[in-house]
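Each remark here refers to the structure printed beneath this line.
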Amino acid sequence: MSELVGMCFDSDVSPSVSFQAPSPVEEESSTGSAAGLYGWGVGWYPASEKGASVVKDPTSGGDQNVSSALGDWNRFRSTVFICHLRGHQRPRRQQDAQPFVRSYGGRQWIFAHDGDLAIDWTTRLPLPDDPAFDPLGRTDSEHAFCWLLSRIHSLRHHDLAEVAPEQLLAWFRELNVGGQLNIILTDGQHVAVYRDSEAGGQLHWTRRVPPHSTHELSSRSVEITLNDADDSNRTGLIFSSEPLLEKQSPEKESDGGKSAANWNALVPGQMMIARRGAVLWNSEDTKTPAVNTANAVVGVPFAQTQSMTNELEPGQSEAAQQVAAGQALPSNRSTNFTELRHRNLRVTHKTRYEYDNPVQKSSHRFLMRPTEDRQQFLLDYSIKVDPEVPAIAFDDVFGNATLGLEIYQPFNRLEIESKSTVSIYAVPPLEQRAAFIETEMPPVLMPWQRQMLSAYLLPTELPETQLQALSEFAASFAKRNDYDLVGTLLDLNETLYRDFEYVSGSTTNATTAFQVFQSRRGVCQDFANLMICLARLLQIPARYRMGYIFTSADYSNQIQSEASHAWVEVYIPRVGWHGFDPTNGIQVGADHVRVACGRNYLDATPTTGTIYAGGGTETLTVSVRVEEVIDL
């Protein structure tokens with residue numbers, strides 16, 4: 001019985017791989033014969049290029065030959081590795097040994113197979129009269145590989161990305177009829193894995209996300225070590241006939257020293273397609289590939305919005321008055337709201353500072369007034385500050401409505417309470433907004449656009465080595481999506497939501513994007529800062545947005561409705577600023593109340609201030625309530 005191992009990482013890694021020959025007892029129990037030849041083979045794509053390298057030894061009898069062949073393994077870096085082992089129990093020629101590699105479509109493909117095809121494979125699966133698909137050896141496995149490539153060629157496809165997953169699954173099932181078929185196939189970019197429809201043999205998979213508890217994985221047949229310093233932050237999908245055990249830290253060695261990772265068995269007939277550490281398609285999951293449609297166009301037409309008859313306070317905007325009166329807005333507004341989802345939200349934000357000693361002199365800045373534009377209308381707003389002192393209202397350099405004040409009288413408690421009611425119309429998802437424009441990366445900016453957006457293109461100031469690691473992480477999203485701007489942003493937003501853990505209190509205002517990248521945990525401002533940094537490293541203008549979110553019963557992070565929230569806005573030519581919420585893995589819609597924006601957290605924090613004299617120990621209490629308003 002052969003064993004397969006496939007690895008697919010988000011960026012290049014250099015694992016150390018060693019194979020172990022079966023013991024006489026193991027081999028006799030599986031074959032009924034004395035120990036004989038072992039055989040192994042491994043294929044990869046150096047520097048993730050189109051050309052493959054394959055090293056195999058069909059006559060190996062143990063560890064020595066493996067160690068000498070892969071002694072310089074660290075110089076081989078790739079995102080894809082395919083291993084075939086314990087399958088050569090009888091003498092094999094080099095051309096019959098797996099994995100097989102063939103050139104097709106301007107790239108090299110690697111194929112590994114566990115099992116035997118039905119005995120009629122030569123007649124049931126004929127190859128075309130084309131020498132390009134003639135096998136080198138005489139095995140059914142290589143014949144199946146050539147047959148698959150001929151099927152792909154018959155449709156004039158050049159790589160797996162062009163083949164419909166359903167079509168590829170149908171071909172695998174055709175190969176599987178009457179025989180046993182466990183397969184790993186790759187074109188260097190995508191990895192397709194299929195398990196036998198009659199449960200002949202096994203295939204398992206796991207997705208390893210940093211931070212890793214261990215860098216060593218092993219089964220009775222193979223040991224894989226990912227201890228290179230550059231590999232500690234890599235996310236990877238691993239497929240294996242046998243689950244690989246994790247070597248535990250010394251303090252856990254009393255329990256045997258090893259534990260099984262979170263492995264999932266492929267069900268009979270299941271196929272998965274992966275690329276750069278992510279599952280792109282799964283025959284057992286109708287939701288794959290996952291496209292978030294939480295903000296899809298599902299609302300009523302803007303013209304049919306119900307009239308709002310609440311009494312208005314003086315000082316409200318003309319747009320708010322028109323909305324509240326049920327009047328139609330000018331055409332340059334209303335045409336942008338056709339079929340958009342609409343929601344009215346009321347926000348109450350209370351902040352209290354308490355001090356052991358009286359504050360003698362201080363200055364403060366508050367950013368609590370929601371934005372007013374063509375998607376968000378401010379229907380009502382008030383703010384109260386205690387102690388009550390004269391204040392100055394102005395717009396800061398980012399266009400945020402700001403309230404500034406100086407307090408010269410002593411106080412032990414400072415309270416700020418803001419109340420606002422807004423009417424929000426969600427914009428269509430980015431897939432629709434960018435449907436008719438060029439979305440290749442990086443976005444093309446005119447010189448004056450780049451000058452105006454320069455503040456949103458400069459990544460966070462970090463050591464060069466840390467920015468290099470973040471750049472590689474950012475590039476993995478672009479490469480996985482073939483440098484499509486929309487696909488990259490959606491993937492980045494979804495991955496930060498899926499792979500990073502929301503842990504309240506796990507970070508501080510000083511926590512950097514790199515520290516969040518390493519720990520894979522944080523809060524909303526951390527995920528926003530990280531996504532901003534990654535977007536800017538990809539030359540996509542990005543800014544920090546502070547506001548509030550209405551979670552209702554639709555979100556797992558209910559705590560987000562009890563405090564101000566943070567998300568990301570990216571600028572795309574001919575689209576404008578578009579919001580992404582990596583904390584919840586969604587695009588910003590009618591549940592988000594926008595307040596302030598800036599380059600980072602410091603530019604858009606709700607309350608800031610400086611104490612010049614007095615104060616002592618400070619105690620901060622914040623409460624936010626966001627509720628939907630039905631009857632206005």
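Each chain in the structure tokens gets a letter, A, B and so on, in the order shown; residues start at 1 in every chain, and ligands are counted from 1 in the order they appear.
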Apply DSSP to the structure's backbone, then extract all residues of range 82-210 of chain A labelled strand (DSSP E or B) and return them as a PDB file with C-alpha atoms, in the first residue's frame.
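Written output follows (states-v8.pdb):
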ATOM      1  CA  ILE A  82       4.266  16.077  -3.123  1.00  0.00           C
ATOM      2  CA  CYS A  83       5.635  12.871  -1.562  1.00  0.00           C
ATOM      3  CA  HIS A  84       5.017   9.225  -2.473  1.00  0.00           C
ATOM      4  CA  LEU A  85       6.431   6.472  -0.299  1.00  0.00           C
ATOM      5  CA  PHE A 100       5.493  11.473 -11.908  1.00  0.00           C
ATOM      6  CA  VAL A 101       6.274  14.795 -13.568  1.00  0.00           C
ATOM      7  CA  ARG A 102       5.190  15.898 -17.060  1.00  0.00           C
ATOM      8  CA  SER A 103       5.380  19.150 -18.989  1.00  0.00           C
ATOM      9  CA  TYR A 104       2.120  20.542 -20.309  1.00  0.00           C
ATOM     10  CA  ARG A 107       4.410  24.352 -16.842  1.00  0.00           C
ATOM     11  CA  GLN A 108       5.302  21.063 -15.198  1.00  0.00           C
ATOM     12  CA  TRP A 109       2.754  18.929 -13.375  1.00  0.00           C
ATOM     13  CA  ILE A 110       3.306  16.443 -10.547  1.00  0.00           C
ATOM     14  CA  PHE A 111       1.102  13.423  -9.897  1.00  0.00           C
ATOM     15  CA  ALA A 112       1.052  10.796  -7.140  1.00  0.00           C
ATOM     16  CA  HIS A 113      -1.354   7.828  -6.895  1.00  0.00           C
ATOM     17  CA  ASP A 114      -2.137   5.265  -4.232  1.00  0.00           C
ATOM     18  CA  ASN A 182      -6.272   8.141  -4.108  1.00  0.00           C
ATOM     19  CA  ILE A 183      -4.646  11.038  -5.929  1.00  0.00           C
ATOM     20  CA  ILE A 184      -2.660  14.218  -5.395  1.00  0.00           C
ATOM     21  CA  LEU A 185      -2.272  16.304  -8.571  1.00  0.00           C
ATOM     22  CA  THR A 186      -0.683  19.732  -8.911  1.00  0.00           C
ATOM     23  CA  HIS A 190      -3.257  24.504  -7.390  1.00  0.00           C
ATOM     24  CA  VAL A 191      -3.284  21.151  -5.601  1.00  0.00           C
ATOM     25  CA  ALA A 192      -6.159  18.727  -6.267  1.00  0.00           C
ATOM     26  CA  VAL A 193      -6.693  15.824  -3.850  1.00  0.00           C
ATOM     27  CA  TYR A 194      -9.158  12.960  -4.320  1.00  0.00           C
ATOM     28  CA  HIS A 204      -6.595  13.046   5.650  1.00  0.00           C
ATOM     29  CA  TRP A 205      -6.043  16.791   5.731  1.00  0.00           C
ATOM     30  CA  THR A 206      -5.340  19.574   8.195  1.00  0.00           C
ATOM     31  CA  ARG A 207      -4.762  23.309   7.996  1.00  0.00           C
ATOM     32  CA  ARG A 208      -1.964  24.626  10.221  1.00  0.00           C
TER      33      ARG A 208
END
query = Which polymer residues have any atom within 12 Å of an atom of Asp491 in chain A, counting only C-alpha atoms, with same-chain residues fewer than 6 positions away left out, as number ranges by chain?
reply = A: 275-280, 289-292, 474-485, 497-499, 531, 535, 580, 582, 585-587
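Compared by their closest atoms to Asn400 in chain A, and using only C-alpha atoms, the residues A:Ser150, A:Thr605, A:Gln360, A:Thr225 rank with A:Thr605 nearest.
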Show me, as a JSON list (two decimals) with N, CA, C and O atoms, in the first residue's frame, the residues that have an atom within 10 Å of Ala199 in chain A when counting only C-alpha atoms, minus same-chain residues fewer than 2 positions from it.
[["chain", "number", "residue", "atom", "x", "y", "z"],
["A", 180, "GLN", "N", -8.99, 1.34, -7.43],
["A", 180, "GLN", "CA", -8.74, 2.14, -6.23],
["A", 180, "GLN", "C", -7.94, 3.36, -6.63],
["A", 180, "GLN", "O", -6.92, 3.26, -7.33],
["A", 181, "LEU", "N", -8.41, 4.53, -6.19],
["A", 181, "LEU", "CA", -7.80, 5.78, -6.65],
["A", 181, "LEU", "C", -7.74, 6.79, -5.51],
["A", 181, "LEU", "O", -8.75, 7.33, -5.08],
["A", 182, "ASN", "N", -6.55, 7.02, -4.99],
["A", 182, "ASN", "CA", -6.27, 8.14, -4.11],
["A", 182, "ASN", "C", -5.20, 8.97, -4.80],
["A", 182, "ASN", "O", -4.12, 8.44, -5.13],
["A", 195, "ARG", "N", -10.07, 11.25, -2.84],
["A", 195, "ARG", "CA", -10.05, 9.97, -2.14],
["A", 195, "ARG", "C", -10.94, 8.96, -2.84],
["A", 195, "ARG", "O", -12.02, 9.28, -3.36],
["A", 196, "ASP", "N", -10.52, 7.72, -2.84],
["A", 196, "ASP", "CA", -11.21, 6.61, -3.50],
["A", 196, "ASP", "C", -12.68, 6.56, -3.09],
["A", 196, "ASP", "O", -13.04, 6.68, -1.91],
["A", 197, "SER", "N", -13.57, 6.35, -4.08],
["A", 197, "SER", "CA", -15.01, 6.38, -3.83],
["A", 197, "SER", "C", -15.50, 5.20, -3.01],
["A", 197, "SER", "O", -16.57, 5.26, -2.41],
["A", 201, "GLY", "N", -8.08, 2.64, 0.91],
["A", 201, "GLY", "CA", -7.02, 3.53, 1.35],
["A", 201, "GLY", "C", -7.58, 4.72, 2.10],
["A", 201, "GLY", "O", -8.79, 4.90, 2.22],
["A", 202, "GLN", "N", -6.68, 5.55, 2.59],
["A", 202, "GLN", "CA", -7.07, 6.70, 3.41],
["A", 202, "GLN", "C", -6.43, 7.97, 2.87],
["A", 202, "GLN", "O", -5.38, 7.94, 2.25],
["A", 203, "LEU", "N", -7.10, 9.10, 3.13],
["A", 203, "LEU", "CA", -6.52, 10.41, 2.91],
["A", 203, "LEU", "C", -7.08, 11.34, 3.98],
["A", 203, "LEU", "O", -8.29, 11.35, 4.24],
["A", 266, "LEU", "N", -10.90, 12.70, 4.54],
["A", 266, "LEU", "CA", -11.72, 12.88, 3.36],
["A", 266, "LEU", "C", -12.71, 11.73, 3.27],
["A", 266, "LEU", "O", -12.34, 10.58, 3.51],
["A", 267, "VAL", "N", -13.93, 12.04, 2.96],
["A", 267, "VAL", "CA", -14.93, 10.98, 2.80],
["A", 267, "VAL", "C", -14.74, 10.34, 1.44],
["A", 267, "VAL", "O", -14.15, 10.93, 0.53],
["A", 268, "PRO", "N", -15.21, 9.11, 1.26],
["A", 268, "PRO", "CA", -15.06, 8.45, -0.05],
["A", 268, "PRO", "C", -15.65, 9.31, -1.18],
["A", 268, "PRO", "O", -16.77, 9.81, -1.08],
["A", 269, "GLY", "N", -14.86, 9.47, -2.23],
["A", 269, "GLY", "CA", -15.30, 10.24, -3.39],
["A", 269, "GLY", "C", -15.15, 11.73, -3.24],
["A", 269, "GLY", "O", -15.56, 12.48, -4.13]]
message = Among range 419-629 of chain A, which ones does DSSP assign to helix (DSSP H, G or I) (computed from the backbone)? Answer as number ranges by chain.
response = A: 430-433, 447-452, 454-456, 464-480, 485-499, 513-519, 524-537, 558-562, 601-604
task = One decimal, Å: what's the distance from CA of Gly616 in chain A over to CA of Leu414 in chain A, could you say?
result =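 CA of Leu414 in chain A lies 13.8 Å from CA of Gly616 in chain A.
Relative to CA of Glu354 in chain A, CA of Cys597 in chain A is found at 27.4 Å.
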With a distance cut-off of 9 Å and only C-alpha atoms, select the neighbouring residues of Leu169 in chain A, excluding the residue or stretch itself and same-chain residues fewer than 4 positions from it, and output the selection as a PDB file with N, CA, C and O atoms, in the first residue's frame.
ATOM      1  N   ALA A 164     -13.046  23.393 -14.734  1.00  0.00           N
ATOM      2  CA  ALA A 164     -14.135  23.464 -13.757  1.00  0.00           C
ATOM      3  C   ALA A 164     -13.962  22.348 -12.736  1.00  0.00           C
ATOM      4  O   ALA A 164     -13.714  21.193 -13.109  1.00  0.00           O
ATOM      5  N   PRO A 165     -14.059  22.643 -11.447  1.00  0.00           N
ATOM      6  CA  PRO A 165     -13.874  21.596 -10.430  1.00  0.00           C
ATOM      7  C   PRO A 165     -14.790  20.399 -10.634  1.00  0.00           C
ATOM      8  O   PRO A 165     -14.381  19.250 -10.434  1.00  0.00           O
ATOM      9  N   ARG A 173     -13.564  10.377 -10.986  1.00  0.00           N
ATOM     10  CA  ARG A 173     -14.505   9.287 -10.759  1.00  0.00           C
ATOM     11  C   ARG A 173     -14.509   8.296 -11.913  1.00  0.00           C
ATOM     12  O   ARG A 173     -14.725   7.095 -11.711  1.00  0.00           O
ATOM     13  N   GLU A 174     -14.258   8.789 -13.108  1.00  0.00           N
ATOM     14  CA  GLU A 174     -14.159   7.879 -14.260  1.00  0.00           C
ATOM     15  C   GLU A 174     -12.924   6.993 -14.121  1.00  0.00           C
ATOM     16  O   GLU A 174     -12.976   5.785 -14.424  1.00  0.00           O
ATOM     17  N   TYR A 194      -7.944  13.772  -4.171  1.00  0.00           N
ATOM     18  CA  TYR A 194      -9.158  12.960  -4.320  1.00  0.00           C
ATOM     19  C   TYR A 194      -8.987  11.655  -3.561  1.00  0.00           C
ATOM     20  O   TYR A 194      -7.933  11.008  -3.619  1.00  0.00           O
ATOM     21  N   GLY A 269     -14.856   9.466  -2.235  1.00  0.00           N
ATOM     22  CA  GLY A 269     -15.299  10.241  -3.387  1.00  0.00           C
ATOM     23  C   GLY A 269     -15.147  11.733  -3.237  1.00  0.00           C
ATOM     24  O   GLY A 269     -15.555  12.483  -4.126  1.00  0.00           O
ATOM     25  N   GLN A 270     -14.523  12.207  -2.160  1.00  0.00           N
ATOM     26  CA  GLN A 270     -14.376  13.643  -1.931  1.00  0.00           C
ATOM     27  C   GLN A 270     -13.164  14.182  -2.670  1.00  0.00           C
ATOM     28  O   GLN A 270     -12.112  13.548  -2.731  1.00  0.00           O
ATOM     29  N   MET A 271     -13.314  15.398  -3.219  1.00  0.00           N
ATOM     30  CA  MET A 271     -12.199  16.085  -3.862  1.00  0.00           C
ATOM     31  C   MET A 271     -12.062  17.473  -3.273  1.00  0.00           C
ATOM     32  O   MET A 271     -13.047  18.149  -3.012  1.00  0.00           O
ATOM     33  N   SER A 283     -15.700  19.375  -2.615  1.00  0.00           N
ATOM     34  CA  SER A 283     -16.906  18.739  -3.153  1.00  0.00           C
ATOM     35  C   SER A 283     -17.932  18.448  -2.074  1.00  0.00           C
ATOM     36  O   SER A 283     -19.116  18.277  -2.373  1.00  0.00           O
TER      37      SER A 283
END
query = Taking only C-alpha atoms into account, which of A:Ser11, A:Gln432, A:Gln98, A:Ser454 comes nearest Val575 in chain A?
reply =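 Answer, going by the shortest atom-to-atom distance: A:Gln432.
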task = Considering only C-alpha atoms, return as a VMD selection string whatever protein or nucleic-acid residues lie within 12 Å of range 121-133 of chain A, sequence-local ones (same chain, fewer than 5 positions apart) excluded.
result = chain A and resid 101 to 105 116 138 to 154 171 to 172 174 to 180
Keeping only C-alpha atoms, write the selected residues to a file as a PDB file, in the first residue's frame.
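And here is the file that came out, out39.pdb:
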ATOM      1  CA  VAL A 101       6.274  14.795 -13.568  1.00  0.00           C
ATOM      2  CA  ARG A 102       5.190  15.898 -17.060  1.00  0.00           C
ATOM      3  CA  SER A 103       5.380  19.150 -18.989  1.00  0.00           C
ATOM      4  CA  TYR A 104       2.120  20.542 -20.309  1.00  0.00           C
ATOM      5  CA  GLY A 105       0.640  23.978 -20.916  1.00  0.00           C
ATOM      6  CA  ASP A 116      -4.581   0.184  -8.612  1.00  0.00           C
ATOM      7  CA  ARG A 138       4.299   0.776 -17.863  1.00  0.00           C
ATOM      8  CA  THR A 139       2.314   1.553 -14.716  1.00  0.00           C
ATOM      9  CA  ASP A 140      -1.391   2.215 -14.473  1.00  0.00           C
ATOM     10  CA  SER A 141      -0.601   5.293 -12.347  1.00  0.00           C
ATOM     11  CA  GLU A 142       1.380   7.032 -15.077  1.00  0.00           C
ATOM     12  CA  HIS A 143      -1.261   6.020 -17.618  1.00  0.00           C
ATOM     13  CA  ALA A 144      -3.891   7.718 -15.451  1.00  0.00           C
ATOM     14  CA  PHE A 145      -1.717  10.840 -15.280  1.00  0.00           C
ATOM     15  CA  CYS A 146      -1.321  10.986 -19.057  1.00  0.00           C
ATOM     16  CA  TRP A 147      -5.037  10.340 -19.521  1.00  0.00           C
ATOM     17  CA  LEU A 148      -5.903  13.275 -17.246  1.00  0.00           C
ATOM     18  CA  LEU A 149      -3.553  15.606 -19.121  1.00  0.00           C
ATOM     19  CA  SER A 150      -5.067  14.494 -22.419  1.00  0.00           C
ATOM     20  CA  ARG A 151      -8.554  15.306 -21.078  1.00  0.00           C
ATOM     21  CA  ILE A 152      -7.364  18.764 -20.045  1.00  0.00           C
ATOM     22  CA  HIS A 153      -5.753  19.236 -23.447  1.00  0.00           C
ATOM     23  CA  SER A 154      -8.954  18.211 -25.229  1.00  0.00           C
ATOM     24  CA  TRP A 171     -12.637  12.633 -14.543  1.00  0.00           C
ATOM     25  CA  PHE A 172     -11.349  11.333 -11.214  1.00  0.00           C
ATOM     26  CA  GLU A 174     -14.159   7.879 -14.260  1.00  0.00           C
ATOM     27  CA  LEU A 175     -10.626   6.764 -13.431  1.00  0.00           C
ATOM     28  CA  ASN A 176     -11.903   5.323 -10.151  1.00  0.00           C
ATOM     29  CA  VAL A 177     -14.475   2.934 -11.683  1.00  0.00           C
ATOM     30  CA  GLY A 178     -13.655  -0.635 -10.681  1.00  0.00           C
ATOM     31  CA  GLY A 179     -10.334   0.207  -9.078  1.00  0.00           C
ATOM     32  CA  GLN A 180      -8.741   2.141  -6.235  1.00  0.00           C
TER      33      GLN A 180
END
key: Contacts of Leu537 in chain A at 12 Å (only C-alpha atoms; same-chain gap of 4+ positions) as a ChimeraX atom specification   = /A:441-442,456-461,466-478,530-533,541-542
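Proximity to Val570 in chain A was assessed for A:Thr371, A:Gln539, A:Ser418, A:Ser519 counting only C-alpha atoms; the smallest distance is recorded for A:Gln539.
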query = Suppose you want the space between CA of Asn282 in chain A and CA of Asn262 in chain A; what is it in Å?
reply =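 It comes out at 17.7 Å.
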